[in-house]
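Q: So that you have it, the file is final21.cif, and it contains mmCIF, C-alpha atoms and all ligand atoms:
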data_final
#
loop_
_atom_site.label_atom_id
_atom_site.label_comp_id
_atom_site.auth_asym_id
_atom_site.auth_seq_id
_atom_site.Cartn_x
_atom_site.Cartn_y
_atom_site.Cartn_z
CA MET W 467 44.09 -57.96 -5.25
CA ILE W 468 45.80 -58.23 -8.61
CA ALA W 469 47.97 -55.28 -7.68
CA ILE W 470 48.97 -56.94 -4.45
CA ARG W 471 49.74 -60.25 -6.15
CA HIS W 472 51.70 -58.38 -8.79
CA SER W 473 53.81 -56.51 -6.25
CA VAL W 474 54.32 -59.71 -4.28
CA CYS W 475 55.49 -61.49 -7.47
CA VAL W 476 57.92 -58.66 -8.21
CA CYS W 477 59.24 -58.98 -4.66
CA LEU W 478 59.49 -62.73 -5.04
CA VAL W 479 61.47 -62.49 -8.27
CA ALA W 480 63.85 -59.99 -6.67
CA LEU W 481 64.21 -62.23 -3.67
CA VAL W 482 64.91 -65.38 -5.72
CA PHE W 483 67.46 -63.38 -7.71
CA GLN W 484 69.10 -62.32 -4.45
CA LEU W 485 69.00 -65.88 -3.18
CA VAL W 486 70.63 -67.22 -6.33
CA GLN W 487 73.31 -64.54 -6.08
CA SER W 488 74.14 -65.29 -2.46
CA ALA W 489 73.36 -69.02 -2.81
CA PRO W 490 71.81 -69.52 0.61
CA ALA W 491 70.78 -72.72 2.28
CA ALA W 492 67.46 -74.39 1.34
CA ASP W 493 66.01 -73.71 4.85
CA ASP W 494 66.44 -69.93 4.46
CA VAL W 495 64.47 -70.00 1.23
CA GLY W 496 61.62 -71.90 2.89
CA GLU W 497 61.47 -69.36 5.74
CA LEU W 498 61.40 -66.44 3.38
CA LEU W 499 58.60 -67.99 1.36
CA ASP W 500 56.59 -68.55 4.56
CA ALA W 501 57.10 -64.93 5.57
CA LEU W 502 56.01 -63.76 2.13
CA LEU W 503 52.89 -65.94 2.14
CA SER W 504 51.88 -64.69 5.57
CA ARG W 505 52.41 -61.11 4.38
CA ILE W 506 50.14 -61.80 1.39
CA GLU W 507 47.47 -63.18 3.71
CA THR W 508 47.64 -60.10 5.92
CA LEU W 509 47.31 -57.79 2.94
CA GLU W 510 44.38 -59.77 1.56
CA ALA W 511 42.63 -59.65 4.94
CA SER W 512 42.99 -55.88 5.28
CA ASP W 513 41.78 -55.46 1.71
CA ALA W 514 38.66 -57.48 2.52
CA ALA W 515 38.11 -55.38 5.65
CA ASN W 516 38.31 -52.18 3.62
CA LYS W 517 35.83 -53.55 1.12
CA ALA W 518 33.45 -54.48 3.93
CA LYS W 519 33.79 -50.96 5.31
CA ILE W 520 32.94 -49.44 1.92
CA VAL W 521 29.84 -51.63 1.65
CA GLU W 522 28.84 -50.59 5.14
CA MET W 523 29.30 -46.90 4.32
CA GLU W 524 27.33 -47.27 1.13
CA ALA W 525 24.49 -48.86 3.09
CA GLU W 526 24.57 -46.04 5.62
CA PHE W 527 24.54 -43.46 2.88
CA LYS W 528 21.53 -45.12 1.27
CA LEU W 529 19.77 -45.17 4.63
CA ARG W 530 20.41 -41.48 5.16
CA GLN W 531 19.25 -40.70 1.65
CA SER W 532 15.97 -42.50 2.17
CA GLU W 533 15.57 -40.77 5.53
CA SER W 534 15.99 -37.38 3.83
CA GLU W 535 13.52 -38.38 1.19
CA ARG W 536 11.06 -39.33 3.87
CA GLU W 537 11.62 -35.99 5.62
CA ILE W 538 10.97 -34.16 2.37
CA LEU W 539 7.74 -36.07 1.92
CA VAL W 540 6.66 -35.15 5.45
CA LEU W 541 7.44 -31.49 4.77
CA LYS W 542 5.47 -31.55 1.53
CA GLU W 543 2.54 -33.07 3.39
CA THR W 544 2.75 -30.34 6.04
CA ILE W 545 2.78 -27.62 3.40
CA LYS W 546 -0.27 -29.17 1.76
CA LYS W 547 -2.10 -29.20 5.08
CA MET W 548 -1.16 -25.58 5.77
CA GLU W 549 -2.38 -24.58 2.35
CA SER W 550 -5.74 -26.20 2.79
CA ASN W 551 -5.98 -24.74 6.28
CA PHE W 552 -5.26 -21.29 4.88
CA LYS W 553 -7.81 -21.77 2.13
CA HIS W 554 -10.41 -22.70 4.68
CA LYS W 555 -9.62 -19.66 6.80
CA GLU W 556 -9.78 -17.41 3.75
CA GLU W 557 -13.19 -18.80 2.85
CA THR W 558 -14.45 -18.24 6.37
CA LEU W 559 -13.16 -14.70 6.33
CA LEU W 560 -14.63 -13.95 2.91
CA LYS W 561 -17.96 -15.31 4.04
CA ARG W 562 -17.90 -13.14 7.13
CA ILE W 563 -16.95 -10.05 5.12
CA TYR W 564 -19.70 -10.78 2.64
CA GLU W 565 -22.29 -11.19 5.39
CA GLN W 566 -21.08 -7.98 6.99
CA GLU W 567 -21.45 -6.17 3.70
CA LEU W 568 -24.97 -7.51 3.38
CA SER W 569 -25.93 -6.25 6.82
CA THR W 570 -24.19 -2.90 6.33
CA PHE W 571 -25.47 -1.99 2.91
CA SER W 572 -28.72 -2.60 1.16
CA ASN W 573 -27.80 -4.76 -1.77
CA SER W 574 -29.34 -3.37 -4.91
CA ASN W 575 -28.91 -6.41 -7.17
CA GLY W 576 -30.67 -8.80 -4.77
CA ASP W 577 -27.50 -10.72 -4.12
CA THR W 578 -28.02 -12.73 -0.96
CA THR W 579 -25.99 -15.20 1.07
CA GLU W 580 -28.38 -17.95 -0.11
CA ASN W 581 -27.11 -17.43 -3.63
CA LYS W 582 -23.69 -18.48 -2.43
CA LEU W 583 -24.89 -21.86 -1.11
CA ASP W 584 -24.39 -24.91 -3.34
CA GLU W 585 -26.87 -27.79 -3.79
CA ASN W 586 -25.62 -29.38 -0.53
CA ASN W 587 -26.30 -26.11 1.29
CA ASN W 588 -22.59 -25.48 1.70
CA PHE W 589 -21.17 -22.03 1.37
CA ASP W 590 -19.55 -21.62 -2.01
CA PRO W 591 -16.95 -18.87 -1.82
CA THR W 592 -15.87 -19.08 -5.46
CA PRO W 593 -17.93 -16.16 -6.80
CA ILE W 594 -16.90 -14.04 -3.86
CA ARG W 595 -13.26 -14.94 -4.21
CA GLU W 596 -13.38 -14.27 -7.91
CA ASN W 597 -14.51 -10.71 -7.54
CA GLY W 598 -13.84 -10.57 -3.81
CA ILE W 599 -11.08 -8.04 -3.81
CA GLN W 600 -12.83 -5.92 -6.39
CA LYS W 601 -16.03 -6.03 -4.43
CA ARG W 602 -14.38 -5.22 -1.14
CA ARG W 603 -12.49 -2.35 -2.72
CA SER W 604 -15.63 -0.89 -4.20
CA SER W 605 -17.49 -1.26 -0.94
CA ILE W 606 -14.71 0.51 0.89
CA ARG W 607 -14.88 3.25 -1.68
CA LYS W 608 -18.64 3.37 -1.22
CA ILE W 609 -18.21 4.18 2.45
CA ARG W 610 -15.41 6.64 1.94
CA GLU W 611 -17.03 8.41 -0.95
CA VAL W 612 -18.56 11.59 0.32
CA PRO W 613 -22.12 12.31 -0.75
CA GLU W 614 -22.10 14.42 -3.89
CA ILE W 615 -22.41 17.90 -2.53
CA GLU W 616 -21.61 20.33 -5.28
CA THR W 617 -20.01 23.31 -3.70
CA ALA W 618 -17.94 25.60 -5.88
CA PHE W 619 -18.18 29.27 -6.64
CA TYR W 620 -16.38 31.98 -8.50
CA ALA W 621 -17.53 35.57 -8.16
CA THR W 622 -16.40 38.93 -9.49
CA HIS W 623 -17.79 42.45 -9.44
CA VAL W 624 -19.85 43.91 -12.30
CA VAL W 625 -18.59 47.45 -11.79
CA HIS W 626 -15.08 48.46 -12.84
CA ASN W 627 -14.19 51.12 -10.26
CA ASN W 628 -15.33 50.58 -6.69
CA HIS W 629 -14.57 53.27 -4.13
CA ASP W 630 -15.20 54.07 -0.49
CA LEU W 631 -15.00 50.68 1.11
CA GLY W 632 -15.53 50.68 4.87
CA ALA W 633 -13.07 49.34 7.45
CA ASN W 634 -13.56 45.57 7.78
CA GLN W 635 -16.26 45.71 5.14
CA VAL W 636 -16.98 42.61 3.09
CA ILE W 637 -15.62 43.24 -0.41
CA PRO W 638 -18.62 42.73 -2.68
CA PHE W 639 -18.47 40.21 -5.48
CA GLN W 640 -22.08 40.03 -6.69
CA GLN W 641 -21.52 38.54 -10.09
CA THR W 642 -21.43 34.79 -9.73
CA VAL W 643 -19.97 33.07 -12.75
CA THR W 644 -20.10 29.74 -10.94
CA ASN W 645 -22.19 29.02 -7.88
CA ASN W 646 -22.77 25.29 -7.69
CA GLY W 647 -24.83 24.50 -4.62
CA ASN W 648 -25.48 28.22 -3.92
CA ALA W 649 -23.45 28.17 -0.73
CA TYR W 650 -22.13 31.59 -1.78
CA ASN W 651 -24.65 34.40 -1.43
CA ASN W 652 -24.10 37.05 -4.10
CA ASN W 653 -26.15 39.59 -2.16
CA THR W 654 -24.02 39.43 0.97
CA SER W 655 -20.82 38.12 -0.74
CA VAL W 656 -20.51 35.64 2.08
CA PHE W 657 -19.96 31.90 1.70
CA VAL W 658 -21.66 29.63 4.23
CA ALA W 659 -20.29 26.09 4.59
CA PRO W 660 -23.09 23.61 3.78
CA VAL W 661 -21.34 20.67 5.49
CA ASP W 662 -18.37 19.92 7.74
CA GLY W 663 -15.39 19.67 5.46
CA THR W 664 -12.11 20.95 4.14
CA TYR W 665 -12.55 23.98 1.93
CA VAL W 666 -10.30 25.95 -0.38
CA PHE W 667 -10.76 29.69 -1.01
CA HIS W 668 -8.92 32.07 -3.21
CA GLY W 669 -9.06 35.86 -3.39
CA THR W 670 -7.50 38.33 -5.77
CA VAL W 671 -7.86 42.08 -5.33
CA MET W 672 -6.70 44.79 -7.68
CA GLY W 673 -6.27 48.08 -5.83
CA ILE W 674 -7.25 51.56 -7.05
CA ASP W 675 -7.71 53.83 -4.03
CA ILE W 676 -5.00 53.71 -1.41
CA PRO W 677 -6.47 55.03 1.87
CA SER W 678 -4.79 58.19 3.20
CA GLY W 679 -2.06 57.47 5.71
CA HIS W 680 -1.34 54.07 4.12
CA SER W 681 0.97 52.98 1.35
CA HIS W 682 -1.31 50.08 0.38
CA MET W 683 -4.81 48.86 0.80
CA LYS W 684 -5.13 45.69 2.83
CA ALA W 685 -7.45 42.70 2.63
CA HIS W 686 -7.94 39.35 4.36
CA PHE W 687 -10.15 36.31 4.63
CA ASP W 688 -12.63 36.35 7.49
CA VAL W 689 -13.94 33.13 9.01
CA ASP W 690 -16.59 33.91 11.62
CA GLY W 691 -14.65 36.96 12.79
CA THR W 692 -11.20 35.39 12.61
CA LYS W 693 -8.64 36.88 10.22
CA TYR W 694 -6.73 34.63 7.81
CA SER W 695 -4.37 35.22 4.92
CA VAL W 696 -3.86 38.97 5.13
CA PHE W 697 -2.50 40.62 2.02
CA TYR W 698 -1.42 44.07 0.90
CA VAL W 699 -2.63 45.51 -2.37
CA SER W 700 -1.01 48.35 -4.30
CA GLY W 701 -2.80 50.73 -6.68
CA TYR W 702 -3.23 49.16 -10.11
CA ASP W 703 -1.60 46.01 -8.87
CA GLN W 704 -3.03 42.66 -7.86
CA SER W 705 -2.47 40.54 -4.79
CA SER W 706 -3.74 37.08 -3.96
CA GLN W 707 -4.06 34.69 -1.10
CA MET W 708 -5.32 31.18 -0.79
CA LEU W 709 -6.97 29.68 2.25
CA VAL W 710 -7.32 25.96 2.93
CA ILE W 711 -9.43 25.46 6.02
CA ASN W 712 -11.57 22.95 7.90
CA LEU W 713 -15.04 24.34 8.48
CA LYS W 714 -18.09 23.20 10.38
CA ALA W 715 -21.40 23.44 8.58
CA GLY W 716 -22.77 26.98 8.99
CA GLN W 717 -19.43 28.75 9.35
CA SER W 718 -19.10 31.72 7.02
CA VAL W 719 -16.19 32.96 4.95
CA SER W 720 -15.77 36.32 3.25
CA LEU W 721 -13.06 38.51 1.78
CA ARG W 722 -12.79 41.78 3.69
CA ASN W 723 -11.18 45.17 3.30
CA ASP W 724 -9.15 46.49 6.25
CA TYR W 725 -8.71 50.26 5.87
CA LEU W 726 -11.48 52.83 5.49
CA ASP W 727 -11.81 54.47 2.06
CA ALA W 728 -9.96 51.83 0.07
CA GLY W 729 -11.07 51.14 -3.47
CA PHE W 730 -10.67 48.24 -5.86
CA ILE W 731 -11.14 47.42 -9.51
CA GLY W 732 -13.93 44.97 -10.24
CA LYS W 733 -14.92 43.38 -13.53
CA HIS W 734 -12.63 40.41 -13.91
CA TYR W 735 -9.61 42.02 -12.22
CA SER W 736 -10.67 40.99 -8.73
CA SER W 737 -12.35 37.78 -7.70
CA PHE W 738 -13.40 35.58 -4.83
CA SER W 739 -13.70 31.84 -5.31
CA GLY W 740 -13.88 28.66 -3.29
CA PHE W 741 -14.91 25.04 -3.21
CA LEU W 742 -15.40 22.06 -0.95
CA LEU W 743 -12.30 19.90 -1.25
CA TYR W 744 -13.83 16.99 0.68
CA GLN W 745 -16.53 16.49 3.21
CA HIS W 746 -15.70 15.25 6.68
CA SER W 747 -17.52 11.97 7.02
CA SER W 748 -19.63 11.40 10.11
CA VAL W 749 -19.61 7.66 9.40
CA THR W 750 -17.58 6.15 12.22
CA ASN W 751 -17.56 2.57 10.95
CA ILE W 752 -15.15 3.15 8.09
CA VAL W 753 -13.70 0.01 6.55
CA GLY W 754 -9.95 0.12 6.15
CA LYS W 755 -9.39 3.18 8.27
C1 LIG R 801 -26.86 35.99 -8.03
O1 LIG R 801 -27.23 34.68 -7.65
C2 LIG R 801 -28.45 34.25 -8.20
C3 LIG R 801 -28.78 32.94 -7.61
O2 LIG R 801 -27.72 32.05 -7.74
C4 LIG R 801 -28.34 34.23 -9.72
O3 LIG R 801 -29.59 33.86 -10.27
C5 LIG R 801 -27.96 35.60 -10.22
O4 LIG R 801 -27.73 35.56 -11.59
C6 LIG R 801 -26.70 36.06 -9.52
N1 LIG R 801 -26.44 37.46 -9.89
C7 LIG R 801 -25.36 37.80 -10.58
C8 LIG R 801 -25.25 39.25 -10.90
O5 LIG R 801 -24.52 37.00 -10.88
C1 LIG R 802 -30.66 38.66 -3.27
O1 LIG R 802 -31.55 39.71 -3.01
C2 LIG R 802 -32.69 39.72 -3.86
C3 LIG R 802 -33.47 40.97 -3.56
O2 LIG R 802 -33.72 41.13 -2.21
C4 LIG R 802 -33.51 38.46 -3.61
O3 LIG R 802 -34.60 38.44 -4.45
C5 LIG R 802 -32.62 37.26 -3.88
O4 LIG R 802 -33.30 36.06 -3.57
C6 LIG R 802 -31.36 37.33 -3.07
N1 LIG R 802 -30.48 36.27 -3.48
C7 LIG R 802 -29.88 35.47 -2.60
C8 LIG R 802 -28.97 34.45 -3.21
O5 LIG R 802 -30.04 35.54 -1.40
#
Please, can you express the file's structure as structure tokens?
A:
Amino acid sequence: MIAIRHSVCVCLVALVFQLVQSAPAADDVGELLDALLSRIETLEASDAANKAKIVEMEAEFKLRQSESEREILVLKETIKKMESNFKHKEETLLKRIYEQELSTFSNSNGDTTENKLDENNNFDPTPIRENGIQKRRSSIRKIREVPEIETAFYATHVVHNNHDLGANQVIPFQQTVTNNGNAYNNNTSVFVAPVDGTYVFHGTVMGIDIPSGHSHMKAHFDVDGTKYSVFYVSGYDQSSQMLVINLKAGQSVSLRNDYLDAGFIGKHYSSFSGFLLYQHSSVTNIVGK
């Protein structure tokens, strides 16, 4: 407003100066002053309108701001509800898992569902949640853990020079250094799988007699009449093969010589060994599988 008045005053001074210069009639001056006053009124009116508009916009802005704030509050409330809903679901789930565990396994420490009820007979999931994951993990492990069946053997031959092996004869390794579980028979030199499982075998043969008509002696793993892992053996040289195989309980594995009249060096130059890598579980209800 001051700015407007100021500019109007400047105009007025200029005008009066002009009037004095040109010395106009008194009527002209009156008309000009009227025009100026009406111009001032117009400017003042539009200024007031602008101010009113600003106030209006400010009010609208405040309204929107409070609306946004309200929306944020609603969202926070929704999140809170979802959280409590989730917590409830988690508790229900934990309770169900716990009850399932109870019915699946005999619980050695006498832990029962009743212990998880508070004084109002409500289910209290806190102890379960606290060690819940740990407990579930260990119970999963409990199922997956195969029963401890010790099956591992390592056998060699007591005698140094061994001649005259028959065709397809089991190469004898009667000296058992290791025979955990006695699945390997050191009389027959045959291993018999005690359980269904994945087994690992290893054989090393050092040759001495190369059968006539052959440049090498030859050996292989035999699983119930099926040949695996065939290998050639030179005189005074060693050859090895490994066999990783799934066996059913009762299947037998041996290391056999192929050609008639082969010979090998025993003692600790040749060996036959094997072990159960893991048992195949017959439990069908495996958690987490
Ligand atoms: C053969 O096996 C039996 C039973 O495991 C063991 O007592 C014996 O010492 C073994 N014989 C040799 C020569 O390793
Ligand atoms: C091996 O044969 C001997 C003699 O017949 C017997 O006493 C022993 O129990 C047999 N060992 C195995 C592991 O079969």
Q: 9 Å from ligand LIG 802 (chain R) is the threshold here; counting all atoms listed in the file, which polymer residues fall inside it? Answer as a ChimeraX atom specification.
A: /W:648-654
Q: Atom CA of Gly647 of chain W and atom CA of Lys693 of chain W, how far apart in Å?
A: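 We find that atom CA of Lys693 of chain W and atom CA of Gly647 of chain W lie 25.2 Å from each other.
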Q: For each of W:Val521, W:Ala618, W:Val719, W:Leu529, take the minimum atom-to-atom distance to ligand LIG 801 (chain R), counting only C-alpha atoms and all ligand atoms, then give the residue where this is smallest.
A: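 Using only C-alpha atoms and all ligand atoms, the shortest distance to ligand LIG 801 (chain R) belongs to W:Ala618.
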Q: To one decimal place, how far is atom CA of Asn723 of chain W from atom CA of Asp662 of chain W in Å?
A: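 Distance reported for this atom pair: 26.6 Å.
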Q: Set the distance at 9 Å and use all atoms listed in the file: which residues neighbour Ala659 of chain W once local chain neighbours fewer than 5 positions away are removed? I'd like the list as a list in words.
A: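 Near Ala659 of chain W, the qualifying residues are Thr617, Ala649, Tyr650, Tyr665, Leu713, Lys714, Ala715, Gly716, Gln717, Ser718, Val719 and Leu742 of chain W.
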Q: What does the distance between atom CA of Val624 of chain W and atom CA of Val666 of chain W come to in Å, to one decimal place?
A: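 Calculated distance between atom CA of Val624 of chain W and atom CA of Val666 of chain W is 23.6 Å.
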Q: Between W:Phe552, W:Phe687, W:Phe619, W:Phe639, which residue has the minimum interatomic distance to Gly732 of chain W, considering only C-alpha atoms?
A: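 Going through W:Phe552, W:Phe687, W:Phe619, W:Phe639 one by one, the smallest distance to Gly732 of chain W is for W:Phe639.
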Q: May I ask which of the residues W:Glu497, W:Asn627, W:Val540, W:Lys547 is the closest one to Lys733 of chain W, counting all atoms listed in the file?
A: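 Using all atoms listed in the file, the shortest distance to Lys733 of chain W belongs to W:Asn627.
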Q: Just checking: using all atoms listed in the file, which residue out of W:Leu503, W:Ser512, W:Tyr725, W:Gln641 ends up closest to ligand LIG 801 (chain R)?
A: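 Counting all atoms listed in the file, the residue closest to ligand LIG 801 (chain R) is W:Gln641.
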Q: Of the candidates W:Thr544, W:Val656, W:Leu709, W:Ala515, which one gets nearest to ligand LIG 801 (chain R) if we count only C-alpha atoms and all ligand atoms?
A: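 So, comparing all the options, the nearest one is W:Val656.
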Q: Give the answer as one residue: which of W:Leu631, W:Ile637, W:Val689, W:Val625 has the shortest atom-to-atom distance to ligand LIG 801 (chain R), using only C-alpha atoms and all ligand atoms?
A: W:Val625
Q: Which residues, written as a short mmCIF file (atom, residue, chain, number, x, y, z; two decimals) with C-alpha atoms, in the frame of the given file, have at least one atom at most 10 Å from Ser700 of chain W, with all atoms listed in the file counted and residues fewer than 4 positions away on the same chain left out?
A:
data_model
loop_
_atom_site.label_atom_id
_atom_site.label_comp_id
_atom_site.auth_asym_id
_atom_site.auth_seq_id
_atom_site.Cartn_x
_atom_site.Cartn_y
_atom_site.Cartn_z
CA VAL W 671 -7.86 42.08 -5.33
CA MET W 672 -6.70 44.79 -7.68
CA GLY W 673 -6.27 48.08 -5.83
CA ILE W 674 -7.25 51.56 -7.05
CA ASP W 675 -7.71 53.83 -4.03
CA ILE W 676 -5.00 53.71 -1.41
CA SER W 681 0.97 52.98 1.35
CA HIS W 682 -1.31 50.08 0.38
CA MET W 683 -4.81 48.86 0.80
CA LYS W 684 -5.13 45.69 2.83
CA GLN W 704 -3.03 42.66 -7.86
CA SER W 705 -2.47 40.54 -4.79
CA PHE W 730 -10.67 48.24 -5.86
#
